[in-house]
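Peer 1: query_29.csv is the file, holding CSV, C-alpha atoms:
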```csv
chain,number,residue,atom,x,y,z
V,1228,MET,CA,29.9,-30.8,16.4
V,1229,ASN,CA,26.5,-29.4,15.5
V,1230,GLN,CA,23.6,-31.8,15.6
V,1231,PRO,CA,21.5,-32.1,12.5
V,1232,MET,CA,18.5,-29.8,12.0
V,1233,ILE,CA,15.2,-31.4,11.3
V,1234,LEU,CA,12.2,-29.9,9.4
V,1235,ILE,CA,9.0,-31.5,10.7
V,1236,THR,CA,5.8,-30.8,8.8
V,1237,MET,CA,2.2,-31.8,9.9
V,1238,THR,CA,-0.9,-31.3,7.7
V,1239,GLY,CA,-4.5,-32.2,8.2
V,1240,PRO,CA,-7.7,-31.2,9.9
V,1241,ASP,CA,-7.2,-28.3,12.4
V,1242,ARG,CA,-8.4,-28.4,16.0
V,1243,PRO,CA,-7.3,-27.0,19.3
V,1244,GLY,CA,-4.4,-28.7,21.2
V,1245,ILE,CA,-2.2,-29.7,18.3
V,1246,ILE,CA,0.5,-27.1,19.0
V,1247,ALA,CA,0.5,-27.9,22.7
V,1248,ALA,CA,0.9,-31.7,22.1
V,1249,MET,CA,3.6,-31.3,19.5
V,1250,THR,CA,5.7,-28.7,21.3
V,1251,GLY,CA,5.3,-30.7,24.5
V,1252,GLN,CA,6.9,-33.7,23.0
V,1253,ILE,CA,9.7,-31.6,21.5
V,1254,ALA,CA,10.4,-30.1,24.9
V,1255,GLU,CA,10.5,-33.6,26.6
V,1256,ALA,CA,13.1,-34.7,24.0
V,1257,GLY,CA,15.3,-31.8,24.9
V,1258,ALA,CA,15.1,-30.4,21.4
V,1259,ARG,CA,15.3,-26.7,20.5
V,1260,ILE,CA,12.8,-25.0,18.1
V,1261,ARG,CA,14.7,-22.9,15.5
V,1262,ASP,CA,11.7,-21.9,13.4
V,1263,ILE,CA,8.0,-22.4,13.4
V,1264,GLU,CA,5.1,-21.4,11.2
V,1265,GLN,CA,1.5,-22.4,10.9
V,1266,THR,CA,-1.3,-21.6,8.5
V,1267,VAL,CA,-4.9,-22.7,8.4
V,1268,THR,CA,-6.9,-22.5,5.2
V,1269,HIS,CA,-10.5,-23.0,6.0
V,1270,THR,CA,-10.1,-26.1,8.3
V,1271,LEU,CA,-6.8,-27.4,6.8
V,1272,LEU,CA,-3.8,-27.0,9.0
V,1273,SER,CA,-0.2,-26.8,7.8
V,1274,LEU,CA,2.4,-26.7,10.6
V,1275,SER,CA,6.2,-26.6,10.1
V,1276,VAL,CA,8.8,-26.7,12.8
V,1277,VAL,CA,12.6,-26.7,12.5
V,1278,ILE,CA,14.4,-28.2,15.5
V,1279,ASP,CA,17.9,-29.2,16.6
V,1280,PHE,CA,19.5,-30.7,19.7
V,1281,PRO,CA,21.8,-28.1,21.4
V,1282,THR,CA,22.9,-30.4,24.2
V,1283,GLY,CA,24.8,-32.7,21.9
V,1284,GLU,CA,22.7,-35.7,23.0
V,1285,SER,CA,20.4,-36.5,20.1
V,1286,ASN,CA,17.0,-38.0,20.8
V,1287,GLN,CA,16.2,-37.6,17.2
V,1288,LYS,CA,14.8,-41.1,16.4
V,1289,PRO,CA,12.7,-41.5,19.6
V,1290,LEU,CA,11.2,-38.0,19.0
V,1291,ILE,CA,10.3,-38.7,15.4
V,1292,LYS,CA,8.7,-41.9,16.4
V,1293,ASP,CA,6.7,-40.2,19.1
V,1294,LEU,CA,5.6,-37.4,16.7
V,1295,LEU,CA,4.5,-40.0,14.2
V,1296,PHE,CA,2.3,-41.6,16.8
V,1297,LEU,CA,1.0,-38.2,17.8
V,1298,ALA,CA,0.1,-37.3,14.2
V,1299,LYS,CA,-1.8,-40.6,13.7
V,1300,GLU,CA,-3.7,-39.9,16.9
V,1301,TRP,CA,-4.7,-36.5,15.7
V,1302,GLY,CA,-5.5,-37.6,12.1
V,1303,LEU,CA,-2.6,-35.7,10.6
V,1304,ASP,CA,0.1,-36.5,8.0
V,1305,LEU,CA,3.7,-36.0,9.2
V,1306,ASP,CA,6.8,-35.6,7.1
V,1307,PHE,CA,10.4,-34.8,8.1
V,1308,GLN,CA,13.7,-34.1,6.5
V,1309,VAL,CA,17.2,-33.4,7.8
V,1310,LEU,CA,18.7,-30.0,7.0
V,1311,ASP,CA,22.2,-28.8,6.6
V,1312,GLU,CA,22.6,-25.8,9.0
V,1313,GLN,CA,24.8,-23.8,6.6
V,1314,ASP,CA,22.3,-24.3,3.8
V,1315,TYR,CA,19.4,-23.4,6.2
V,1316,ARG,CA,21.1,-20.1,7.1
V,1317,ARG,CA,21.7,-19.2,3.5
V,1318,ARG,CA,18.1,-19.9,2.5
V,1319,THR,CA,16.6,-18.0,5.4
V,1320,GLY,CA,18.6,-14.9,4.7
V,1321,ARG,CA,16.2,-12.0,4.3
V,1322,ASN,CA,15.8,-9.6,1.5
V,1323,SER,CA,12.0,-9.4,1.8
V,1324,TYR,CA,9.4,-7.4,-0.1
V,1325,VAL,CA,5.6,-7.3,0.0
V,1326,LEU,CA,3.8,-7.6,-3.3
V,1327,THR,CA,0.1,-6.6,-3.3
V,1328,ILE,CA,-2.2,-7.6,-6.1
V,1329,MET,CA,-5.7,-6.0,-6.2
V,1330,GLY,CA,-8.5,-5.7,-8.7
V,1331,GLY,CA,-12.2,-6.5,-9.3
V,1332,GLU,CA,-11.0,-10.1,-9.3
V,1333,VAL,CA,-7.6,-11.6,-8.8
V,1334,ASN,CA,-8.0,-14.7,-10.8
V,1335,ALA,CA,-5.8,-17.7,-11.5
V,1336,ARG,CA,-4.5,-16.3,-14.7
V,1337,ALA,CA,-3.3,-13.2,-12.9
V,1338,LEU,CA,-1.6,-15.2,-10.1
V,1339,ALA,CA,0.0,-17.6,-12.7
V,1340,GLN,CA,1.5,-14.8,-14.8
V,1341,ILE,CA,2.8,-12.7,-11.8
V,1342,SER,CA,4.2,-15.7,-10.1
V,1343,ARG,CA,5.9,-16.8,-13.3
V,1344,ILE,CA,7.6,-13.4,-13.6
V,1345,LEU,CA,8.9,-13.9,-10.0
V,1346,ALA,CA,10.1,-17.4,-10.7
V,1347,GLU,CA,12.0,-16.2,-13.8
V,1348,ASP,CA,14.0,-13.9,-11.5
V,1349,ARG,CA,14.4,-16.6,-8.8
V,1350,VAL,CA,12.2,-14.7,-6.4
V,1351,ASN,CA,10.7,-17.0,-3.8
V,1352,ILE,CA,7.1,-16.6,-2.6
V,1353,GLU,CA,7.2,-17.3,1.2
V,1354,ARG,CA,3.6,-16.5,2.2
V,1355,ILE,CA,0.3,-15.6,0.5
V,1356,SER,CA,-2.5,-13.9,2.4
V,1357,LYS,CA,-6.0,-13.0,1.3
V,1358,LEU,CA,-7.0,-9.5,2.4
V,1359,THR,CA,-10.6,-9.5,1.2
V,1360,GLN,CA,-13.7,-11.3,2.3
V,1361,GLY,CA,-15.7,-13.4,-0.2
V,1362,GLN,CA,-14.4,-13.0,-3.7
V,1363,LEU,CA,-10.6,-12.8,-4.1
V,1364,ARG,CA,-10.0,-9.1,-4.8
V,1365,CYS,CA,-6.7,-8.5,-3.0
V,1366,VAL,CA,-3.8,-10.8,-2.0
V,1367,GLU,CA,-0.5,-10.0,-0.4
V,1368,LEU,CA,2.6,-12.0,-1.1
V,1369,LEU,CA,5.7,-12.0,1.1
V,1370,ILE,CA,8.6,-12.5,-1.3
V,1371,ASN,CA,12.3,-13.1,-0.8
V,1372,VAL,CA,14.4,-11.4,-3.5
V,1373,PRO,CA,18.0,-12.3,-4.5
V,1374,LEU,CA,20.3,-9.5,-3.3
V,1375,ALA,CA,21.7,-8.9,-6.8
V,1376,LEU,CA,18.3,-8.5,-8.4
V,1377,ASP,CA,17.2,-5.0,-9.8
V,1378,VAL,CA,14.0,-4.7,-7.9
V,1379,ARG,CA,13.0,-1.5,-9.8
V,1380,ALA,CA,13.2,-3.4,-13.1
V,1381,LEU,CA,11.2,-6.3,-11.6
V,1382,ASN,CA,8.6,-3.8,-10.4
V,1383,ARG,CA,8.3,-2.3,-13.9
V,1384,ARG,CA,7.7,-5.8,-15.4
V,1385,LEU,CA,5.1,-6.6,-12.8
V,1386,LEU,CA,3.3,-3.2,-13.4
V,1387,SER,CA,3.2,-3.9,-17.1
V,1388,ALA,CA,1.9,-7.4,-16.5
V,1389,GLY,CA,-0.7,-6.1,-14.1
V,1390,SER,CA,-2.0,-3.6,-16.6
V,1391,ASP,CA,-2.4,-6.3,-19.2
V,1392,LEU,CA,-4.2,-8.6,-16.7
V,1393,GLY,CA,-6.5,-5.9,-15.3
V,1394,VAL,CA,-5.1,-5.9,-11.8
V,1395,ASP,CA,-2.9,-3.4,-9.8
V,1396,VAL,CA,0.5,-4.6,-8.5
V,1397,ALA,CA,2.5,-2.8,-5.9
V,1398,VAL,CA,5.9,-3.8,-4.5
V,1399,GLN,CA,7.2,-2.5,-1.2
V,1400,LYS,CA,10.3,-3.3,0.9
V,1401,GLU,CA,9.2,-5.3,3.9
V,1402,SER,CA,10.5,-3.2,6.8
V,1403,LEU,CA,9.5,-1.5,10.0
V,1404,HIS,CA,8.8,1.7,8.1
V,1405,ARG,CA,6.3,-0.1,5.8
V,1406,ARG,CA,4.3,-1.1,8.9
V,1407,ALA,CA,4.8,2.2,10.7
V,1408,LYS,CA,3.5,4.9,8.3
V,1409,ARG,CA,2.3,7.9,10.1
V,1410,LEU,CA,1.5,10.7,7.6
V,1411,VAL,CA,-0.7,10.6,4.5
V,1412,VAL,CA,-0.8,13.6,2.1
V,1413,MET,CA,-3.4,13.7,-0.6
V,1414,ASP,CA,-4.0,15.8,-3.7
V,1415,MET,CA,-7.5,17.3,-3.9
V,1416,ASP,CA,-8.7,17.4,-7.5
V,1417,SER,CA,-9.4,14.0,-9.1
V,1418,THR,CA,-8.0,12.3,-6.0
V,1419,LEU,CA,-9.8,13.2,-2.8
V,1420,ILE,CA,-12.7,14.5,-4.9
V,1421,GLN,CA,-13.8,13.4,-8.4
V,1422,ILE,CA,-13.7,16.8,-10.2
V,1423,GLU,CA,-11.2,19.5,-11.2
V,1424,VAL,CA,-12.6,22.4,-9.2
V,1425,ILE,CA,-11.2,25.0,-11.6
V,1426,ASP,CA,-13.0,23.3,-14.5
V,1427,GLU,CA,-16.3,23.6,-12.7
V,1428,LEU,CA,-15.7,27.3,-11.9
V,1429,ALA,CA,-14.8,27.8,-15.6
V,1430,ARG,CA,-18.0,26.2,-16.6
V,1431,LEU,CA,-20.0,28.7,-14.5
V,1432,ALA,CA,-17.9,31.5,-15.9
V,1433,GLY,CA,-18.7,30.4,-19.5
V,1434,VAL,CA,-15.1,29.4,-20.4
V,1435,GLY,CA,-15.4,25.7,-19.5
V,1436,ALA,CA,-14.0,24.1,-22.7
V,1437,GLN,CA,-11.1,26.5,-22.9
V,1438,VAL,CA,-10.0,26.0,-19.3
V,1439,ALA,CA,-10.6,22.2,-19.4
V,1440,GLN,CA,-8.2,21.9,-22.3
V,1441,ILE,CA,-5.5,23.7,-20.4
V,1442,THR,CA,-6.1,21.7,-17.3
V,1443,HIS,CA,-5.8,18.4,-19.2
V,1444,ARG,CA,-2.5,19.4,-20.8
V,1445,ALA,CA,-1.1,20.7,-17.5
V,1446,MET,CA,-2.0,17.5,-15.6
V,1447,ASN,CA,-0.3,15.5,-18.3
V,1448,GLY,CA,2.8,17.6,-17.8
V,1449,GLU,CA,2.6,19.2,-21.3
V,1450,LEU,CA,2.5,22.8,-19.8
V,1451,ASP,CA,4.3,24.6,-17.1
V,1452,PHE,CA,1.9,24.4,-14.1
V,1453,GLN,CA,2.4,27.9,-12.8
V,1454,GLY,CA,1.8,29.5,-16.2
V,1455,ALA,CA,-1.1,27.2,-16.9
V,1456,LEU,CA,-2.7,28.1,-13.5
V,1457,ARG,CA,-2.3,31.9,-14.1
V,1458,GLU,CA,-3.8,31.5,-17.6
V,1459,ARG,CA,-6.8,29.6,-16.3
V,1460,VAL,CA,-7.4,31.9,-13.3
V,1461,ALA,CA,-7.3,35.0,-15.6
V,1462,LEU,CA,-10.2,33.5,-17.6
V,1463,LEU,CA,-12.3,33.4,-14.4
V,1464,LYS,CA,-12.2,37.2,-14.0
V,1465,GLY,CA,-15.6,38.6,-13.0
V,1466,LEU,CA,-16.9,35.3,-11.7
V,1467,PRO,CA,-19.2,35.9,-8.7
V,1468,ALA,CA,-17.7,34.6,-5.4
V,1469,ALA,CA,-21.0,32.9,-4.7
V,1470,ALA,CA,-20.1,30.4,-7.5
V,1471,LEU,CA,-17.3,29.0,-5.3
V,1472,GLU,CA,-19.9,28.1,-2.7
V,1473,GLU,CA,-22.1,26.6,-5.3
V,1474,VAL,CA,-19.4,24.3,-6.6
V,1475,TYR,CA,-18.4,23.3,-3.0
V,1476,ARG,CA,-22.0,22.3,-2.2
V,1477,THR,CA,-22.0,19.8,-5.1
V,1478,ILE,CA,-18.5,18.4,-4.8
V,1479,PRO,CA,-18.5,14.6,-5.4
V,1480,PHE,CA,-16.1,12.9,-3.1
V,1481,THR,CA,-14.1,10.0,-4.5
V,1482,PRO,CA,-15.7,6.7,-3.3
V,1483,GLY,CA,-13.9,5.6,-0.2
V,1484,ALA,CA,-12.3,9.0,0.5
V,1485,LYS,CA,-14.3,9.6,3.7
V,1486,THR,CA,-13.7,6.0,4.9
V,1487,LEU,CA,-10.0,6.3,4.2
V,1488,VAL,CA,-9.7,9.5,6.3
V,1489,ARG,CA,-11.8,8.0,9.2
V,1490,ILE,CA,-9.7,4.9,9.4
V,1491,LEU,CA,-6.4,6.7,9.1
V,1492,LYS,CA,-7.4,9.0,12.0
V,1493,ARG,CA,-8.4,6.0,14.1
V,1494,LEU,CA,-5.0,4.5,13.5
V,1495,GLY,CA,-3.4,7.7,14.7
V,1496,PHE,CA,-2.2,9.0,11.3
V,1497,ARG,CA,-1.7,12.7,10.5
V,1498,THR,CA,-3.5,13.7,7.3
V,1499,ALA,CA,-3.1,16.6,4.9
V,1500,VAL,CA,-4.5,17.8,1.6
V,1501,ILE,CA,-1.9,19.6,-0.6
V,1502,SER,CA,-3.5,21.0,-3.8
V,1503,GLY,CA,-2.8,23.1,-6.8
V,1504,GLY,CA,-6.4,24.2,-6.5
V,1505,PHE,CA,-7.7,26.9,-4.1
V,1506,THR,CA,-7.7,27.4,-0.4
V,1507,PHE,CA,-11.5,28.2,-0.5
V,1508,PHE,CA,-12.0,24.5,-1.1
V,1509,THR,CA,-9.1,22.8,0.8
V,1510,ASP,CA,-9.9,24.8,4.0
V,1511,ARG,CA,-13.5,23.5,3.9
V,1512,LEU,CA,-12.5,20.0,3.1
V,1513,LYS,CA,-10.0,20.1,6.1
V,1514,ASP,CA,-12.9,21.1,8.4
V,1515,GLU,CA,-15.4,18.6,7.0
V,1516,LEU,CA,-13.1,15.6,7.0
V,1517,GLY,CA,-11.1,16.5,10.1
V,1518,LEU,CA,-7.7,16.7,8.2
V,1519,ASP,CA,-4.7,18.1,10.1
V,1520,TYR,CA,-3.3,20.3,7.3
V,1521,ALA,CA,-4.5,21.9,4.1
V,1522,PHE,CA,-2.5,23.9,1.6
V,1523,ALA,CA,-3.5,25.4,-1.8
V,1524,ASN,CA,-3.5,28.6,-3.8
V,1525,GLY,CA,-5.2,31.8,-2.8
V,1526,LEU,CA,-7.8,32.9,-5.4
V,1527,GLU,CA,-8.1,36.7,-5.1
V,1528,ILE,CA,-11.6,38.0,-4.6
V,1529,VAL,CA,-12.5,41.7,-4.4
V,1530,ASP,CA,-16.0,43.2,-4.0
V,1531,GLY,CA,-17.5,39.8,-4.3
V,1532,GLN,CA,-15.9,38.9,-7.6
V,1533,VAL,CA,-12.9,36.8,-8.8
V,1534,THR,CA,-10.2,39.3,-10.0
V,1535,GLY,CA,-8.4,36.8,-12.2
V,1536,GLN,CA,-5.3,36.8,-10.0
V,1537,VAL,CA,-3.6,34.4,-7.6
V,1538,ASN,CA,-2.6,35.5,-4.1
V,1539,GLY,CA,0.9,34.5,-2.9
V,1540,PRO,CA,3.3,31.8,-4.1
V,1541,ILE,CA,1.8,29.1,-6.3
V,1542,VAL,CA,1.6,25.6,-5.0
V,1543,ASP,CA,3.1,23.7,-7.9
V,1544,GLY,CA,4.9,20.3,-8.0
V,1545,ALA,CA,8.1,21.5,-6.3
V,1546,ARG,CA,6.1,23.3,-3.6
V,1547,LYS,CA,4.0,20.2,-2.9
V,1548,ALA,CA,7.1,18.2,-2.2
V,1549,GLU,CA,8.5,21.0,0.1
V,1550,LEU,CA,5.2,21.0,2.0
V,1551,LEU,CA,5.3,17.2,2.5
V,1552,GLU,CA,8.8,17.6,4.0
V,1553,GLU,CA,7.7,20.6,6.1
V,1554,ILE,CA,4.7,18.7,7.6
V,1555,ALA,CA,6.8,15.6,8.3
V,1556,ARG,CA,9.5,17.7,10.0
V,1557,ARG,CA,6.9,19.5,12.1
V,1558,GLU,CA,5.4,16.2,13.2
V,1559,GLY,CA,8.7,14.5,13.8
V,1560,ILE,CA,8.0,11.9,11.2
V,1561,ALA,CA,10.6,10.4,8.9
V,1562,LEU,CA,10.0,10.6,5.2
V,1563,ASP,CA,10.1,6.8,5.0
V,1564,GLN,CA,6.9,6.9,7.1
V,1565,THR,CA,5.0,9.1,4.8
V,1566,ILE,CA,2.5,8.3,2.0
V,1567,ALA,CA,1.6,10.7,-0.8
V,1568,ILE,CA,-1.4,10.2,-3.2
V,1569,GLY,CA,-2.0,12.1,-6.4
V,1570,ASP,CA,-3.0,11.9,-10.1
V,1571,GLY,CA,-1.3,14.7,-12.0
V,1572,ALA,CA,2.2,15.5,-13.3
V,1573,ASN,CA,2.4,18.2,-10.6
V,1574,ASP,CA,2.1,15.5,-8.0
V,1575,LEU,CA,5.2,13.6,-9.2
V,1576,PRO,CA,7.8,15.4,-7.0
V,1577,MET,CA,5.6,14.8,-3.9
V,1578,LEU,CA,5.1,11.1,-4.9
V,1579,GLY,CA,8.9,10.7,-5.4
V,1580,ARG,CA,9.7,12.3,-2.1
V,1581,ALA,CA,7.4,10.2,0.1
V,1582,GLY,CA,8.2,6.8,1.5
V,1583,LEU,CA,5.3,5.4,-0.5
V,1584,GLY,CA,4.1,7.5,-3.5
V,1585,ILE,CA,0.8,6.3,-5.0
V,1586,ALA,CA,-0.5,7.4,-8.4
V,1587,PHE,CA,-4.3,7.0,-8.0
V,1588,ASN,CA,-6.3,6.7,-11.3
V,1589,ALA,CA,-3.5,8.9,-12.7
V,1590,LYS,CA,-2.7,10.5,-16.0
V,1591,ALA,CA,-0.6,8.5,-18.4
V,1592,ARG,CA,2.7,10.2,-17.7
V,1593,VAL,CA,2.2,9.9,-14.0
V,1594,ARG,CA,1.5,6.1,-14.3
V,1595,GLU,CA,4.7,5.7,-16.3
V,1596,GLU,CA,6.9,7.5,-13.8
V,1597,ALA,CA,5.4,6.6,-10.4
V,1598,ASP,CA,6.7,3.4,-8.7
V,1599,THR,CA,3.3,2.5,-7.4
V,1600,HIS,CA,0.0,3.2,-9.3
V,1601,ILE,CA,-3.4,1.8,-8.7
V,1602,ASN,CA,-6.6,2.1,-10.8
V,1603,GLN,CA,-9.4,1.4,-8.3
V,1604,GLN,CA,-12.8,2.9,-7.9
V,1605,SER,CA,-12.4,3.4,-4.2
V,1606,LEU,CA,-9.7,5.5,-2.5
V,1607,ASP,CA,-9.8,3.4,0.6
V,1608,SER,CA,-8.3,0.5,-1.4
V,1609,ILE,CA,-5.0,2.2,-0.6
V,1610,LEU,CA,-5.3,0.7,2.9
V,1611,TYR,CA,-4.5,-2.7,1.4
V,1612,LEU,CA,-1.0,-1.4,0.7
V,1613,LEU,CA,-0.6,-0.9,4.5
V,1614,GLY,CA,-1.4,-4.6,5.0
V,1615,LEU,CA,-4.9,-4.0,6.4
V,1616,SER,CA,-7.5,-6.6,5.5
V,1617,GLU,CA,-11.1,-5.9,4.6
V,1618,TRP,CA,-12.4,-7.2,8.0
V,1619,GLU,CA,-9.9,-5.0,9.8
V,1620,MET,CA,-11.1,-2.0,7.9
V,1621,ALA,CA,-14.7,-2.8,8.7
V,1622,GLU,CA,-13.8,-3.2,12.4
V,1623,LEU,CA,-12.0,0.2,12.5
V,1624,ASP,CA,-14.8,1.9,10.6
V,1625,ALA,CA,-17.6,0.4,12.7
```
The structure given in the file should be rewritten as structure tokens.
Peer 2:
Amino acid sequence: MNQPMILITMTGPDRPGIIAAMTGQIAEAGARIRDIEQTVTHTLLSLSVVIDFPTGESNQKPLIKDLLFLAKEWGLDLDFQVLDEQDYRRRTGRNSYVLTIMGGEVNARALAQISRILAEDRVNIERISKLTQGQLRCVELLINVPLALDVRALNRRLLSAGSDLGVDVAVQKESLHRRAKRLVVMDMDSTLIQIEVIDELARLAGVGAQVAQITHRAMNGELDFQGALRERVALLKGLPAAALEEVYRTIPFTPGAKTLVRILKRLGFRTAVISGGFTFFTDRLKDELGLDYAFANGLEIVDGQVTGQVNGPIVDGARKAELLEEIARREGIALDQTIAIGDGANDLPMLGRAGLGIAFNAKARVREEADTHINQQSLDSILYLLGLSEWEMAELDA
């Protein structure tokens, strides 16, 4: 006959030696530890241990008495309750997800509304961790989701609530692959950098307004990307090649872009830029940032001038997704271990193919269709979705 399981909880001021004293008494009583968890918030300890007596000889009462004396000696409060093993196994069954909330401030209203949505679907919050220093700008929740729940529908409700609350919400399955991402692929224009390169070239060519309008419609998915690209490139005919160098010299990187790439490289990630723009720029970004791969369209230049033609196959949405798969295959990386980041409609196939697809400050249609979208000023905020804390980022980037 199984001996009862006991949940023992100690709370109070934290100091060294508590675990050693408590587990020592458990060992002397012949009890077995089935589960243990401890958290410290500032100086307040919360320690929980589930035990049973596998030998069949229960020293339950003497042990509880000894632990009560121990708690008093250490200035701690102790509580205990008897658990039914079948109920314990049912409750500790795992269908875990990680929910990340980030913004300029994650306030009490945001936490209340998001946790209320979880409670309505009987989703249990098992752990909350703060990932930022100082002000609360990012928290990570480990949640246990009922097996029958439609997680995609839950995610949509959370995204909508986050938008109303001014915070970003991302839900990921808690698995080995979440913690073992190895490849990050990024769009260039309005993602890695803050401009649309073709719009800047068009401005120098005197057709800025015309090209910018086509770009806007193409990125929103209102126009076929290949046709829109050829139409815009045709308008650049006669532009001096020196204009490309002029635009590159003044490219504004997205805040946090260089930090993101540095940290990813130090963590051993492979990195790539896959763009619907031009190889003139992606090749230089690859060299400047130390990226592993760069793919884009070839802008034909003859006798020092843009001809208005594109060389080779166009890198559109479908091709971006194919290139993601090709890189992963070449590196021996599973698609579940890949991250894709983009902002335009032509990025959606790539975002959908990756293990984690992130719409970053994206166009309206992309936000609606992507499973994960964040609207943050700094590109390195994506590292929070990997579970990295602000202090870990600082240590890696030191």
Peer 1: Just the number, please: distance in Å from CA of Ala1591 (chain V) to CA of Gln1421 (chain V), one decimal.
Peer 2: 17.3 Å
Peer 1: Give me, as JSON, numbers by chain, all polymer residues having an atom no more than 12 Å from Pro1289 (chain V), counting only C-alpha atoms and skipping those fewer than 2 positions away in the same chain.
Peer 2: {"V": [1252, 1253, 1255, 1256, 1257, 1258, 1285, 1286, 1287, 1291, 1292, 1293, 1294, 1295, 1296]}
Peer 1: Name the closest residue to Arg1379 (chain V) among the candidates V:Asp1514, V:Thr1599, V:Leu1606, V:Gly1239; distances are taken between atoms, counting all atoms listed in the file.
Peer 2: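 Smallest separation from Arg1379 (chain V) among the options: V:Thr1599.
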Peer 1: Please provide as a VMD selection string all residues within 8 Å of Asp1304 (chain V), with the sequence filter that same-chain residues fewer than 6 positions apart are discarded (counting only C-alpha atoms).
Peer 2: chain V and resid 1237 to 1239 1298
Peer 1: Using only C-alpha atoms, which of V:Val1277, V:Ile1245, V:Gly1330, V:Leu1310 sits nearest Leu1297 (chain V)?
Peer 2: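 Closest to Leu1297 (chain V), using only C-alpha atoms: V:Ile1245.
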Peer 1: Kindly give the distance, in Å, that separates CA of Pro1373 (chain V) and CA of Ala1397 (chain V), rounded to a single decimal.
Peer 2: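 Separating CA of Pro1373 (chain V) from CA of Ala1397 (chain V) is a distance of 18.2 Å.
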Peer 1: Any idea what the distance is between CA of Lys1492 (chain V) and CA of Leu1578 (chain V)?
Peer 2: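 A separation of 21.1 Å between them.
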Peer 1: For region 1555-1558 of chain V, work out the shell of residues within 12 Å, counting all atoms listed in the file and skipping chain neighbours fewer than 2 positions away, then give it as a PDB file with C-alpha atoms, in the coordinates of the input.
Peer 2:
```pdb
ATOM      1  CA  LYS V1408       3.500   4.900   8.300  1.00  0.00           C
ATOM      2  CA  ARG V1409       2.300   7.900  10.100  1.00  0.00           C
ATOM      3  CA  LEU V1410       1.500  10.700   7.600  1.00  0.00           C
ATOM      4  CA  VAL V1411      -0.700  10.600   4.500  1.00  0.00           C
ATOM      5  CA  VAL V1412      -0.800  13.600   2.100  1.00  0.00           C
ATOM      6  CA  PHE V1496      -2.200   9.000  11.300  1.00  0.00           C
ATOM      7  CA  ARG V1497      -1.700  12.700  10.500  1.00  0.00           C
ATOM      8  CA  THR V1498      -3.500  13.700   7.300  1.00  0.00           C
ATOM      9  CA  ALA V1499      -3.100  16.600   4.900  1.00  0.00           C
ATOM     10  CA  ASP V1519      -4.700  18.100  10.100  1.00  0.00           C
ATOM     11  CA  TYR V1520      -3.300  20.300   7.300  1.00  0.00           C
ATOM     12  CA  ALA V1548       7.100  18.200  -2.200  1.00  0.00           C
ATOM     13  CA  GLU V1549       8.500  21.000   0.100  1.00  0.00           C
ATOM     14  CA  LEU V1550       5.200  21.000   2.000  1.00  0.00           C
ATOM     15  CA  LEU V1551       5.300  17.200   2.500  1.00  0.00           C
ATOM     16  CA  GLU V1552       8.800  17.600   4.000  1.00  0.00           C
ATOM     17  CA  GLU V1553       7.700  20.600   6.100  1.00  0.00           C
ATOM     18  CA  ILE V1560       8.000  11.900  11.200  1.00  0.00           C
ATOM     19  CA  ALA V1561      10.600  10.400   8.900  1.00  0.00           C
ATOM     20  CA  LEU V1562      10.000  10.600   5.200  1.00  0.00           C
ATOM     21  CA  ASP V1563      10.100   6.800   5.000  1.00  0.00           C
ATOM     22  CA  GLN V1564       6.900   6.900   7.100  1.00  0.00           C
ATOM     23  CA  THR V1565       5.000   9.100   4.800  1.00  0.00           C
ATOM     24  CA  ILE V1566       2.500   8.300   2.000  1.00  0.00           C
ATOM     25  CA  ALA V1567       1.600  10.700  -0.800  1.00  0.00           C
ATOM     26  CA  ARG V1580       9.700  12.300  -2.100  1.00  0.00           C
ATOM     27  CA  ALA V1581       7.400  10.200   0.100  1.00  0.00           C
ATOM     28  CA  GLY V1582       8.200   6.800   1.500  1.00  0.00           C
TER      29      GLY V1582
END
```
Peer 1: Might you pull out every residue within 10 Å of Thr1268 (chain V), with all atoms listed in the file counted and same-chain residues fewer than 4 positions away left off, and present them as an MDAnalysis selection string?
Peer 2: chainID V and resid 1240:1241 1272:1273
